[in-house]
Each structure stands twice: as structure tokens, then as C-alpha cells.
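**Student:** Sharing coords_1.pdb (PDB, C-alpha atoms) below.
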```
MODEL        1
ATOM      1  CA  MET D   1      -0.580  -4.238 -16.918
ATOM      2  CA  HIS D   2       2.951  -5.223 -17.887
ATOM      3  CA  VAL D   3       3.664  -1.827 -19.390
ATOM      4  CA  THR D   4       2.452  -0.131 -16.245
ATOM      5  CA  LYS D   5       4.869  -2.206 -14.233
ATOM      6  CA  GLU D   6       7.827  -1.236 -16.358
ATOM      7  CA  PHE D   7       7.078   2.395 -15.893
ATOM      8  CA  LYS D   8       6.483   1.937 -12.244
ATOM      9  CA  LYS D   9       9.832   0.479 -11.278
ATOM     10  CA  LYS D  10      12.097   3.245 -12.527
ATOM     11  CA  THR D  11       9.851   6.019 -11.251
ATOM     12  CA  PHE D  12       9.438   4.288  -7.939
ATOM     13  CA  LEU D  13      13.134   3.815  -7.420
ATOM     14  CA  LYS D  14      13.937   7.421  -8.258
ATOM     15  CA  GLN D  15      11.251   8.754  -5.929
ATOM     16  CA  LEU D  16      12.237   6.428  -3.134
ATOM     17  CA  LEU D  17      15.900   7.325  -3.357
ATOM     18  CA  LEU D  18      15.038  11.003  -3.366
ATOM     19  CA  GLY D  19      12.911  10.430  -0.306
ATOM     20  CA  LEU D  20      15.685   8.513   1.432
ATOM     21  CA  HIS D  21      18.079  11.314   0.697
ATOM     22  CA  VAL D  22      15.657  13.879   2.131
ATOM     23  CA  SER D  23      14.957  11.703   5.169
ATOM     24  CA  ASN D  24      18.640  11.558   5.861
ATOM     25  CA  SER D  25      19.204  15.254   5.669
ATOM     26  CA  ILE D  26      16.186  16.825   7.352
ATOM     27  CA  SER D  27      17.495  17.416  10.819
ATOM     28  CA  ASN D  28      20.521  15.873  12.360
ATOM     29  CA  PRO D  29      19.316  14.774  15.785
ATOM     30  CA  ILE D  30      16.533  12.676  14.263
ATOM     31  CA  SER D  31      15.118   9.648  16.022
ATOM     32  CA  ILE D  32      15.061   6.256  14.343
ATOM     33  CA  GLN D  33      11.272   6.319  14.537
ATOM     34  CA  GLN D  34      11.068   9.649  12.728
ATOM     35  CA  ARG D  35      13.438   8.497  10.039
ATOM     36  CA  LYS D  36      11.484   5.297   9.611
ATOM     37  CA  ASN D  37       8.225   7.206   9.246
ATOM     38  CA  SER D  38       9.872   9.489   6.764
ATOM     39  CA  ILE D  39      11.111   6.521   4.741
ATOM     40  CA  LYS D  40       7.714   4.894   4.828
ATOM     41  CA  LEU D  41       6.191   8.139   3.634
ATOM     42  CA  SER D  42       8.699   8.275   0.769
ATOM     43  CA  ALA D  43       7.914   4.703  -0.204
ATOM     44  CA  ASP D  44       4.158   5.297  -0.220
ATOM     45  CA  LEU D  45       4.512   8.520  -2.147
ATOM     46  CA  ALA D  46       6.811   6.805  -4.633
ATOM     47  CA  MET D  47       4.311   3.992  -5.084
ATOM     48  CA  ALA D  48       1.470   6.450  -5.689
ATOM     49  CA  PHE D  49       3.506   8.466  -8.207
ATOM     50  CA  ALA D  50       4.697   5.367 -10.001
ATOM     51  CA  ARG D  51       1.172   4.005 -10.419
ATOM     52  CA  GLY D  52      -0.281   7.188 -11.874
ATOM     53  CA  ARG D  53      -3.761   8.534 -11.373
ATOM     54  CA  THR D  54      -6.183   6.126  -9.829
ATOM     55  CA  HIS D  55      -8.741   6.457  -7.098
ATOM     56  CA  TRP D  56      -6.543   4.920  -4.450
ATOM     57  CA  THR D  57      -3.421   6.920  -5.354
ATOM     58  CA  HIS D  58      -5.411  10.118  -5.051
ATOM     59  CA  ALA D  59      -6.778   9.070  -1.675
ATOM     60  CA  LEU D  60      -3.351   7.962  -0.471
ATOM     61  CA  ILE D  61      -1.599  11.201  -1.400
ATOM     62  CA  THR D  62      -4.435  13.198   0.164
ATOM     63  CA  LYS D  63      -4.110  11.246   3.379
ATOM     64  CA  LEU D  64      -0.343  11.616   3.461
ATOM     65  CA  GLY D  65      -0.537  15.355   2.852
ATOM     66  CA  GLN D  66      -3.020  15.937   5.636
ATOM     67  CA  LYS D  67      -0.769  14.740   8.441
ATOM     68  CA  GLU D  68       1.128  17.488  10.166
ATOM     69  CA  GLU D  69       4.227  15.422  10.835
ATOM     70  CA  ASN D  70       4.684  14.637   7.148
ATOM     71  CA  LYS D  71       4.846  18.199   5.955
ATOM     72  CA  SER D  72       8.575  18.810   6.261
ATOM     73  CA  THR D  73       9.504  15.590   4.479
ATOM     74  CA  LEU D  74       6.968  16.246   1.746
ATOM     75  CA  LYS D  75       8.296  19.736   1.219
ATOM     76  CA  GLY D  76      11.798  18.336   0.946
ATOM     77  CA  ILE D  77      10.796  15.706  -1.600
ATOM     78  CA  LEU D  78       8.435  17.782  -3.712
ATOM     79  CA  GLY D  79      10.211  21.111  -3.539
ATOM     80  CA  ARG D  80       8.419  23.693  -5.599
ATOM     81  CA  ARG D  81       5.709  21.213  -6.571
ATOM     82  CA  TYR D  82       4.563  20.950  -2.938
ATOM     83  CA  GLU D  83       2.074  23.814  -3.039
ATOM     84  CA  ILE D  84       0.574  22.753  -6.349
ATOM     85  CA  LEU D  85       0.235  19.135  -5.386
ATOM     86  CA  MET D  86      -1.210  19.826  -1.981
ATOM     87  CA  ALA D  87      -3.802  22.101  -3.556
ATOM     88  CA  ARG D  88      -4.747  19.330  -5.946
ATOM     89  CA  TYR D  89      -4.865  16.650  -3.303
ATOM     90  CA  SER D  90      -6.651  18.394  -0.481
ATOM     91  CA  CYS D  91     -10.328  17.700  -0.542
ATOM     92  CA  PRO D  92     -12.324  18.830   2.478
ATOM     93  CA  LEU D  93     -15.422  17.243   0.912
ATOM     94  CA  LEU D  94     -13.717  13.861   1.134
ATOM     95  CA  TYR D  95     -13.355  14.212   4.872
ATOM     96  CA  GLN D  96     -17.005  15.148   5.340
ATOM     97  CA  LYS D  97     -18.101  12.135   3.371
ATOM     98  CA  VAL D  98     -16.083   9.896   5.654
ATOM     99  CA  GLN D  99     -17.799  11.329   8.717
ATOM    100  CA  ARG D 100     -21.225  10.752   7.242
ATOM    101  CA  ARG D 101     -20.401   7.172   6.303
ATOM    102  CA  LYS D 102     -19.124   6.376   9.762
ATOM    103  CA  LYS D 103     -22.479   7.351  11.241
ATOM    104  CA  SER D 104     -24.472   5.094   8.951
ATOM    105  CA  VAL D 105     -22.160   2.140   9.599
ATOM    106  CA  THR D 106     -22.514   2.395  13.378
ATOM    107  CA  SER D 107     -26.274   2.848  13.146
ATOM    108  CA  TYR D 108     -26.463  -0.324  11.043
ATOM    109  CA  ARG D 109     -24.446  -2.280  13.577
ATOM    110  CA  PHE D 110     -26.548  -0.958  16.432
ATOM    111  CA  SER D 111     -29.827  -1.939  14.834
ATOM    112  CA  TYR D 112     -28.457  -5.389  13.957
ATOM    113  CA  ASN D 113     -27.368  -6.015  17.540
ATOM    114  CA  ALA D 114     -30.701  -4.783  18.834
ATOM    115  CA  GLN D 115     -32.429  -7.200  16.501
ATOM    116  CA  LYS D 116     -30.291 -10.061  17.708
ATOM    117  CA  ARG D 117     -31.002  -9.225  21.330
ATOM    118  CA  ARG D 118     -34.702  -9.092  20.680
ATOM    119  CA  SER D 119     -34.796 -12.397  18.874
ATOM    120  CA  SER D 120     -32.656 -14.122  21.501
ATOM    121  CA  ALA D 121     -34.916 -12.768  24.248
ATOM    122  CA  LEU D 122     -37.907 -14.256  22.474
ATOM    123  CA  LYS D 123     -36.327 -17.634  21.784
ATOM    124  CA  GLY D 124     -34.545 -18.000  25.086
ATOM    125  CA  SER D 125     -31.647 -20.196  24.024
ATOM    126  CA  CYS D 126     -29.304 -19.759  21.050
ATOM    127  CA  VAL D 127     -30.213 -17.394  18.250
ATOM    128  CA  ARG D 128     -31.412 -19.082  15.084
ATOM    129  CA  VAL D 129     -30.113 -17.075  12.221
ATOM    130  CA  SER D 130     -30.314 -18.532   8.761
ATOM    131  CA  PRO D 131     -26.937 -19.404   7.164
ATOM    132  CA  SER D 132     -27.475 -17.025   4.283
ATOM    133  CA  VAL D 133     -27.907 -14.149   6.710
ATOM    134  CA  VAL D 134     -24.771 -15.191   8.546
ATOM    135  CA  ALA D 135     -22.846 -15.393   5.302
ATOM    136  CA  ARG D 136     -24.107 -12.009   4.240
ATOM    137  CA  ASN D 137     -23.191 -10.398   7.520
ATOM    138  CA  LEU D 138     -19.748 -11.947   7.432
ATOM    139  CA  GLU D 139     -19.269 -10.642   3.926
ATOM    140  CA  ASN D 140     -20.423  -7.181   5.014
ATOM    141  CA  ARG D 141     -17.991  -7.174   7.883
ATOM    142  CA  ARG D 142     -15.114  -8.274   5.689
ATOM    143  CA  THR D 143     -16.030  -5.721   3.051
ATOM    144  CA  LYS D 144     -15.847  -3.065   5.755
ATOM    145  CA  VAL D 145     -12.360  -4.200   6.703
ATOM    146  CA  LEU D 146     -11.267  -4.117   3.071
ATOM    147  CA  LYS D 147     -12.704  -0.641   2.701
ATOM    148  CA  ARG D 148     -10.554   0.479   5.583
ATOM    149  CA  LEU D 149      -7.405  -1.106   4.194
ATOM    150  CA  VAL D 150      -7.580   0.193   0.655
ATOM    151  CA  PRO D 151      -7.002   3.957   0.522
ATOM    152  CA  GLY D 152     -10.152   5.642  -0.673
ATOM    153  CA  GLY D 153     -12.062   2.408  -0.296
ATOM    154  CA  GLU D 154     -14.718   3.929   1.937
ATOM    155  CA  PHE D 155     -16.466   5.423  -1.072
ATOM    156  CA  LEU D 156     -16.429   2.361  -3.279
ATOM    157  CA  ASN D 157     -18.674  -0.632  -3.456
ATOM    158  CA  GLY D 158     -18.788  -4.057  -4.965
ATOM    159  CA  SER D 159     -16.854  -4.446  -8.161
ATOM    160  CA  SER D 160     -15.148  -1.037  -8.006
ATOM    161  CA  LEU D 161     -13.877  -1.850  -4.555
ATOM    162  CA  LEU D 162     -12.556  -5.188  -5.778
ATOM    163  CA  SER D 163     -10.825  -3.742  -8.816
ATOM    164  CA  GLU D 164      -9.232  -0.981  -6.737
ATOM    165  CA  ALA D 165      -8.125  -3.583  -4.205
ATOM    166  CA  LEU D 166      -6.613  -5.662  -7.007
ATOM    167  CA  ASP D 167      -4.684  -2.677  -8.328
ATOM    168  CA  TYR D 168      -3.569  -1.705  -4.836
ATOM    169  CA  VAL D 169      -2.324  -5.217  -4.061
ATOM    170  CA  ILE D 170      -0.298  -5.304  -7.279
ATOM    171  CA  SER D 171       1.315  -1.957  -6.485
ATOM    172  CA  LEU D 172       1.984  -2.943  -2.873
ATOM    173  CA  LYS D 173       3.682  -6.118  -3.986
ATOM    174  CA  ALA D 174       5.837  -4.161  -6.436
ATOM    175  CA  GLN D 175       6.698  -1.687  -3.674
ATOM    176  CA  VAL D 176       7.799  -4.486  -1.362
ATOM    177  CA  ASP D 177       9.864  -6.141  -4.106
ATOM    178  CA  MET D 178      11.617  -2.902  -5.021
ATOM    179  CA  MET D 179      12.445  -2.081  -1.426
ATOM    180  CA  LYS D 180      13.770  -5.593  -0.940
ATOM    181  CA  SER D 181      16.042  -5.311  -3.981
ATOM    182  CA  LEU D 182      17.331  -1.975  -2.755
ATOM    183  CA  TRP D 183      18.048  -3.454   0.642
ATOM    184  CA  ARG D 184      19.736  -6.499  -0.876
ATOM    185  CA  ALA D 185      21.881  -4.316  -3.107
ATOM    186  CA  THR D 186      23.288  -2.501  -0.105
ATOM    187  CA  GLN D 187      23.863  -5.809   1.654
ATOM    188  CA  VAL D 188      25.829  -7.154  -1.293
ATOM    189  CA  SER D 189      28.138  -4.181  -1.265
ATOM    190  CA  SER D 190      28.667  -4.248   2.482
ATOM    191  CA  SER D 191      29.432  -7.961   2.580
ATOM    192  CA  SER D 192      32.075  -7.583  -0.114
ATOM    193  CA  ASN D 193      33.556  -4.595   1.632
ATOM    194  CA  VAL D 194      36.432  -6.641   2.932
ATOM    195  CA  GLU D 195      37.820  -7.226  -0.547
ATOM    196  CA  LEU D 196      40.734  -5.280  -1.965
ATOM    197  CA  VAL D 197      40.127  -1.691  -2.943
ATOM    198  CA  PRO D 198      40.790  -2.129  -6.716
ATOM    199  CA  SER D 199      37.659  -4.238  -6.983
ATOM    200  CA  ALA D 200      35.539  -1.438  -5.502
ATOM    201  CA  PRO D 201      34.327  -0.079  -8.883
ATOM    202  CA  LEU D 202      33.282  -3.635  -9.813
ATOM    203  CA  GLN D 203      31.207  -3.898  -6.655
ATOM    204  CA  LYS D 204      29.328  -0.761  -7.541
ATOM    205  CA  LYS D 205      28.640  -2.076 -11.017
ATOM    206  CA  ASP D 206      27.348  -5.374  -9.645
ATOM    207  CA  ALA D 207      24.984  -3.683  -7.264
ATOM    208  CA  SER D 208      23.586  -1.325  -9.847
ATOM    209  CA  CYS D 209      23.214  -4.268 -12.250
ATOM    210  CA  THR D 210      21.213  -6.110  -9.646
ATOM    211  CA  ILE D 211      18.814  -3.230  -9.399
ATOM    212  CA  ALA D 212      18.733  -2.725 -13.149
ATOM    213  CA  ASN D 213      17.968  -6.423 -13.658
ATOM    214  CA  SER D 214      15.107  -6.344 -11.248
ATOM    215  CA  GLU D 215      13.666  -3.507 -13.260
ATOM    216  CA  GLU D 216      13.305  -5.662 -16.365
TER     217      GLU D 216
ATOM    218  CA  MET A   1     -21.075   4.408  -6.732
ATOM    219  CA  SER A   2     -20.923   1.418  -9.042
ATOM    220  CA  SER A   3     -23.632   2.998 -11.150
ATOM    221  CA  ARG A   4     -20.901   5.249 -12.441
ATOM    222  CA  ARG A   5     -19.590   2.363 -14.569
ATOM    223  CA  GLY A   6     -22.947   0.931 -15.467
ATOM    224  CA  ARG A   7     -23.742  -2.683 -14.800
ATOM    225  CA  ILE A   8     -20.654  -4.801 -14.581
ATOM    226  CA  THR A   9     -21.080  -8.053 -16.465
ATOM    227  CA  ASP A  10     -20.782 -11.419 -14.794
ATOM    228  CA  GLU A  11     -17.835 -12.168 -17.009
ATOM    229  CA  GLU A  12     -15.922  -9.103 -15.863
ATOM    230  CA  MET A  13     -16.723  -9.947 -12.266
ATOM    231  CA  ASN A  14     -15.440 -13.485 -12.706
ATOM    232  CA  GLU A  15     -12.287 -12.188 -14.327
ATOM    233  CA  LEU A  16     -11.725  -9.791 -11.468
ATOM    234  CA  ILE A  17     -12.196 -12.504  -8.895
ATOM    235  CA  SER A  18      -9.914 -14.960 -10.640
ATOM    236  CA  LYS A  19      -7.201 -12.314 -11.025
ATOM    237  CA  LEU A  20      -7.430 -11.549  -7.352
ATOM    238  CA  GLN A  21      -7.257 -15.211  -6.514
ATOM    239  CA  LEU A  22      -4.116 -15.591  -8.604
ATOM    240  CA  LEU A  23      -2.414 -12.850  -6.681
ATOM    241  CA  LEU A  24      -3.169 -14.171  -3.245
ATOM    242  CA  PRO A  25      -0.431 -16.458  -1.938
ATOM    243  CA  GLU A  26      -2.735 -19.161  -0.648
ATOM    244  CA  SER A  27      -4.647 -19.633  -3.839
ATOM    245  CA  ARG A  28      -2.062 -22.092  -5.061
ATOM    246  CA  ARG A  29      -3.568 -24.981  -3.202
ATOM    247  CA  ARG A  30      -5.918 -27.804  -4.005
ATOM    248  CA  ASN A  31      -9.313 -26.193  -4.467
ATOM    249  CA  VAL A  32      -8.967 -24.061  -7.548
ATOM    250  CA  GLY A  33     -12.708 -23.675  -7.922
ATOM    251  CA  ARG A  34     -14.194 -20.276  -7.147
ATOM    252  CA  ALA A  35     -13.692 -19.648  -3.496
ATOM    253  CA  SER A  36     -16.566 -18.049  -1.684
ATOM    254  CA  ALA A  37     -16.745 -14.279  -1.629
ATOM    255  CA  GLY A  38     -16.164 -14.254   2.095
ATOM    256  CA  LYS A  39     -12.989 -16.304   1.834
ATOM    257  CA  LEU A  40     -11.674 -14.158  -0.977
ATOM    258  CA  LEU A  41     -12.282 -10.979   0.988
ATOM    259  CA  LYS A  42     -10.676 -12.420   4.073
ATOM    260  CA  GLU A  43      -7.555 -13.506   2.220
ATOM    261  CA  THR A  44      -7.303 -10.191   0.419
ATOM    262  CA  CYS A  45      -7.522  -8.317   3.715
ATOM    263  CA  SER A  46      -4.930 -10.469   5.419
ATOM    264  CA  TYR A  47      -2.614 -10.256   2.421
ATOM    265  CA  ILE A  48      -2.833  -6.464   2.354
ATOM    266  CA  LYS A  49      -2.105  -6.390   6.078
ATOM    267  CA  SER A  50       0.926  -8.621   5.666
ATOM    268  CA  LEU A  51       2.232  -6.455   2.824
ATOM    269  CA  HIS A  52       1.835  -3.382   5.034
ATOM    270  CA  ARG A  53       3.844  -5.152   7.722
ATOM    271  CA  GLU A  54       6.578  -5.980   5.235
ATOM    272  CA  VAL A  55       6.812  -2.372   4.113
ATOM    273  CA  ASP A  56       7.015  -1.342   7.741
ATOM    274  CA  ASP A  57       9.771  -3.829   8.418
ATOM    275  CA  LEU A  58      11.723  -2.797   5.329
ATOM    276  CA  SER A  59      11.423   0.882   6.264
ATOM    277  CA  ASP A  60      12.826  -0.034   9.651
ATOM    278  CA  ARG A  61      15.789  -1.796   8.127
ATOM    279  CA  LEU A  62      16.448   0.965   5.638
ATOM    280  CA  SER A  63      16.305   3.607   8.350
ATOM    281  CA  GLN A  64      18.813   1.697  10.444
ATOM    282  CA  LEU A  65      21.004   1.368   7.409
ATOM    283  CA  MET A  66      20.831   5.093   6.746
ATOM    284  CA  ALA A  67      21.682   5.799  10.360
ATOM    285  CA  THR A  68      24.858   3.758  10.242
ATOM    286  CA  MET A  69      25.887   4.762   6.775
ATOM    287  CA  ASP A  70      28.615   7.317   6.559
ATOM    288  CA  ASP A  71      29.282   9.546   3.623
ATOM    289  CA  ASN A  72      32.242   7.619   2.291
ATOM    290  CA  SER A  73      30.866   4.110   2.273
ATOM    291  CA  PRO A  74      30.232   2.321  -1.027
ATOM    292  CA  GLN A  75      26.517   2.197  -0.265
ATOM    293  CA  ALA A  76      26.350   5.959  -0.300
ATOM    294  CA  ASP A  77      28.175   5.975  -3.610
ATOM    295  CA  ILE A  78      25.745   3.496  -5.116
ATOM    296  CA  ILE A  79      22.792   5.517  -3.976
ATOM    297  CA  ARG A  80      24.300   8.708  -5.263
ATOM    298  CA  SER A  81      25.071   7.216  -8.672
ATOM    299  CA  LEU A  82      21.552   5.822  -8.907
ATOM    300  CA  LEU A  83      20.110   9.213  -8.077
ATOM    301  CA  ARG A  84      22.120  10.837 -10.819
ATOM    302  CA  SER A  85      21.121   8.406 -13.567
TER     303      SER A  85
ENDMDL
END
```
Could you spell out this file's structure in C-alpha cells?
**Tutor:**
Amino acid sequence: MHVTKEFKKKTFLKQLLLGLHVSNSISNPISIQQRKNSIKLSADLAMAFARGRTHWTHALITKLGQKEENKSTLKGILGRRYEILMARYSCPLLYQKVQRRKKSVTSYRFSYNAQKRRSSALKGSCVRVSPSVVARNLENRRTKVLKRLVPGGEFLNGSSLLSEALDYVISLKAQVDMMKSLWRATQVSSSSNVELVPSAPLQKKDASCTIANSEE
Amino acid sequence: MSSRRGRITDEEMNELISKLQLLLPESRRRNVGRASAGKLLKETCSYIKSLHREVDDLSDRLSQLMATMDDNSPQADIIRSLLRS
């Protein structure tokens, strides 16, 4: 896991910076919201590339590529690779599966509620549901939420879902840390802007050292 | 879907759960014993949501930074030199 992290940081940073550069230069009258979405897209793409091929990275890139508003940024970042990558990461079958799943989930919920109504009608007052059933239902509900949060989680169950979630959390944390270091590096340079010009090269070195150190 | 990997052993499951618990920020409190599955799921979900929010917030800050950055500032130079390396 440690080796994966090493690899991840440099790749991530490069991809993110490329994405930032593209976000800045797409179209001049660009709203803050658009730029922010573009940056977020770059960060997610960078995270997926840095992690390599896993179930969730595949699902994430597929999702990102499907949105119409992302296309121009993606083309800018990926350049010639755009066509190839989009061909690899577009899976109409995936989408159909999601639709089918959604139906079964709602039908389950409907039948459960109907059951509850029936039993409460019979018993009059509060519904007596055994604690194990309650616990199981709670777990099912929470599993559903997790499936929604982890990209590609809708198709996984049990231990695979947990291991994907674990991997995703690790990568998310690394993404947040890297973005924070990048942000802090720019803050360092701007706060020491007031110093004399001759020290300017030193400032640059300090900032790039900060980033390099966080890559260790 | 899990049949693809065959039966996962109890040991592997325990390892997975303990790793997840280590990651979650609230796991560093008194009860170190195996938290219930429900609690683990809930904390994982809320942690993922909070990480998403942080990314959102950082993207906001970075986009504001990019908006105010002009081509000659030291920040631009740093970013350019990092891109080249």
C-alpha cells in the first residue's frame, strides 16, 4: 500500500496541475462555478489516474466522461488520448444495470413498508419488530448509502464493497492532503511576497520543497 | 458478485474491518473492540461525505486563487516550474 501511495502523489500532482492549467485557459469569461467544477473534475481524474485500475476508478472515470459539461475540460486535459479513453470507459451496459437495480431496491422498500402497515394494523399500537430485524434493516439502509457514495458501488456486495470503500477512502484522503499542500504552498509564497525581490528565487525553492517533502 | 472471489475468510473480513476502523477519525476513542457493522458503515459513509465536502471546499479556494492570479505572480511561476519537472 505504501508503494502505491508513493506513485500516487507525483502522478496526482502532475495531473492536477495540468487540469488547473486547462481550467484556467478554457474560455476567458468563465464563471467561478464553472472553474470550480473544472478543478474538481481535474482532481477526481487525477485521483483515478494516480490509483491505477480498480473497480471504483473505472466507474469514476466513466461517470465523469458521461457528463456533457465535462467534455471540453476532459478534451483539454487528455488531448489525443480523449477518444481512446472515452471508448474504453463508456459502458452502456453499466447504465442498464443501474436502472435494473433501482427497480429492485424500490420494490423491496415498498414491500417492507406494506408489511409494516399490515402488522401495525393488526396490532393496533406500536409495531413490534424484533431487534435483529431492525439491525438488519438499518445495516441494509446504510449499505445502500455506501453503495451510492463509492463510485461503482452499486454492483458490489459485502466484502467487495467494503474493500473498495477502504481503497476509495485512502485515495480520497490522499487527494485532500495533496490539494491542501498545493494550496498551502501558494499561500506561503503570497505571504512572503512583501519581501525584497532578491529573495524571490528562494521563495520558489521553499514552496517546491514543501510539495516535494509532502511527496515522501 | 462476491462469488467472483470465492468465499472470503473470516480472517480477511476481520482484517478489512479493522483497517477501515483505523482509517476512520473517530475510531481513536475508548472502545477499541469491534464496532458493530452498522456503526462502521455509518462512520464510513459520513467520513466519505466529509471528504467530498473538503474536496469541494478546496476546489472552491483553488478556483478563487486561479481567478485572482495574474501571469507574473510567483504562484504562477511555481506552478509552471512544477509542471515542467
**Student:** With only C-alpha atoms as the basis for distance, which of D:Asn37, D:Ser42, D:Ser163, D:Gln187 is at the shortest distance from A:Ile17?
**Tutor:**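 For A:Ile17, the nearest of the candidates is D:Ser163.
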**Student:** What residues in chain A lie within 6 Å of chain D, counting all atoms listed in the file, written as a PyMOL selection string?
**Tutor:** chain A and resi 20+38+45+55+59-60+63+75
**Student:** In Å to one decimal, how far is atom CA of D:Ile84 from atom CA of D:Lys71?
**Tutor:** 13.8 Å
**Student:** Using only C-alpha atoms, determine which residues lie at most 12 Å from D:Arg53, disregarding the query and same-chain residues fewer than 6 positions distant; provide the list as JSON, numbers by chain.
**Tutor:** {"D": [4, 47, 59, 60, 61, 89, 164, 167]}
**Student:** Nearest to D:Ala50 among D:Lys9, D:Pro151, D:Glu69, D:Ala174, with distances taken over all atoms listed in the file: which residue is it?
**Tutor:**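 Looking at the shortest contact to D:Ala50, the residue is D:Lys9.
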**Student:** One decimal, Å: what's the distance from atom CA of D:Val134 over to atom CA of A:Glu15, could you say?
**Tutor:**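 Calculated distance between atom CA of D:Val134 and atom CA of A:Glu15 is 26.2 Å.
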**Student:** How far is it from atom CA of D:Ser90 to atom CA of D:Thr54, in Å with one decimal?
**Tutor:**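 About the pair atom CA of D:Ser90 and atom CA of D:Thr54: they are 15.4 Å apart.
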**Student:** Put the listed atoms of stretch 180-185 of chain D in a box along x, y and z with 8 Å added on every side and give me the centre and edge lengths in Å to one decimal, as JSON.
**Tutor:**
```
{"center_x": 17.8, "center_y": -4.2, "center_z": -1.7, "size_x": 24.1, "size_y": 20.5, "size_z": 20.6}
```
**Student:** So, with only C-alpha atoms as the atoms that count, which of D:Gly65, D:Phe49, D:Lys8, D:Pro131 lies closest to D:Tyr82?
**Tutor:**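 Of D:Gly65, D:Phe49, D:Lys8, D:Pro131, the one nearest D:Tyr82 is D:Gly65, counting only C-alpha atoms.
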**Student:** Could you list the residues chosen by the PyMOL selection byres ((chain D and resi 76) around 10) in this structure as a PyMOL selection string?
**Tutor:** chain D and resi 18-19+21-23+25-26+71-75+77-80+82
**Student:** Using all atoms listed in the file, which of D:Leu45, D:Arg81, D:Ser171, D:Met178 sits nearest A:Leu23?
**Tutor:**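 That would be D:Ser171, the residue with the smallest distance to A:Leu23.
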